[in-house]
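K.L.:
For reference, the structure I am asking about is given below.
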Amino acid sequence: MELYVVGAIVAILFALIIFKSIKIVVKVILNTIIGAIILYVANILLSSFGIYIAIKPIVAFLTGLLGVPFVIALIILKLFI
């Protein structure tokens with residue numbers, strides 16, 4: 001009987017770890033998609049000024065993670081480089 005209780009506790013903890021990990025992965029994927037959309041809109045708006053920011057996975061991830069200030073920093077970097 002005690003072995004079943006320990007097994008149940010381990011199964012519950014394992015399930016919590018997996019679901020929490022899946023939740024984090026889904027959040028990262030959604031942030032990356034949002035970052036790509038923000039970059040796409042910025043490229044549309046800035047194309048008339050000759051500014052284009054490449055939409056790469058790492059740039060989209062960082063944009064989703066850091067938000068609009070990161071896009072502004074990319075634009076400033078693009079102006080000076």
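In the structure tokens, the first chain shown is A, the next is B, and so on; residue numbers restart at 1 for each chain, and ligands run from 1 in the order shown.
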Which neighbours of range 22-37 of chain A fall inside 6 Å, counting only C-alpha atoms, when residues of the same chain fewer than 2 positions from it are skipped, and could you give them as number ranges by chain?

P.N.:
A: 19-20, 39-40, 60-61, 63-64

K.L.:
Can you pull out the residues contacting range 75-80 of chain A? Cut-off 9 Å, using only C-alpha atoms, and skip same-chain residues under 5 positions away; I want them as a list in words.

P.N.:
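After dropping sequence-adjacent residues, the list is Ile51, Tyr52, Ile53 and Phe70 of chain A.
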
K.L.:
Since we have the selection now, will you write its residues out, keeping C-alpha atoms, as a compact mmCIF listing (two decimals), in the first residue's frame?

P.N.:
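Ended up saving to part_18.txt:
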# COMPACT_ATOMS: atom_id res chain seq x y z
CA ILE A 51 15.42 50.24 -43.22
CA TYR A 52 14.96 46.49 -43.18
CA ILE A 53 15.49 44.17 -40.20
CA PHE A 70 14.44 45.70 -28.58

K.L.:
Which of these residues is nearest to Ile72 in chain A, using only C-alpha atoms: A:Ala15, A:Ala42, A:Ser48, A:Val10?

P.N.:
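That would be A:Ala42, the residue with the smallest distance to Ile72 in chain A.
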
K.L.:
Go ahead and compute the interatomic distance for CA of Leu66 in chain A and CA of Ile81 in chain A, in Å to one decimal.

P.N.:
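Value for the CA of Leu66 in chain A-CA of Ile81 in chain A distance: 21.3 Å.
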
K.L.:
If you measure from CA of Ile58 in chain A to CA of Ile17 in chain A, what distance in Å do you get, rounded to one decimal?

P.N.:
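Going from CA of Ile58 in chain A over to CA of Ile17 in chain A covers 26.0 Å.
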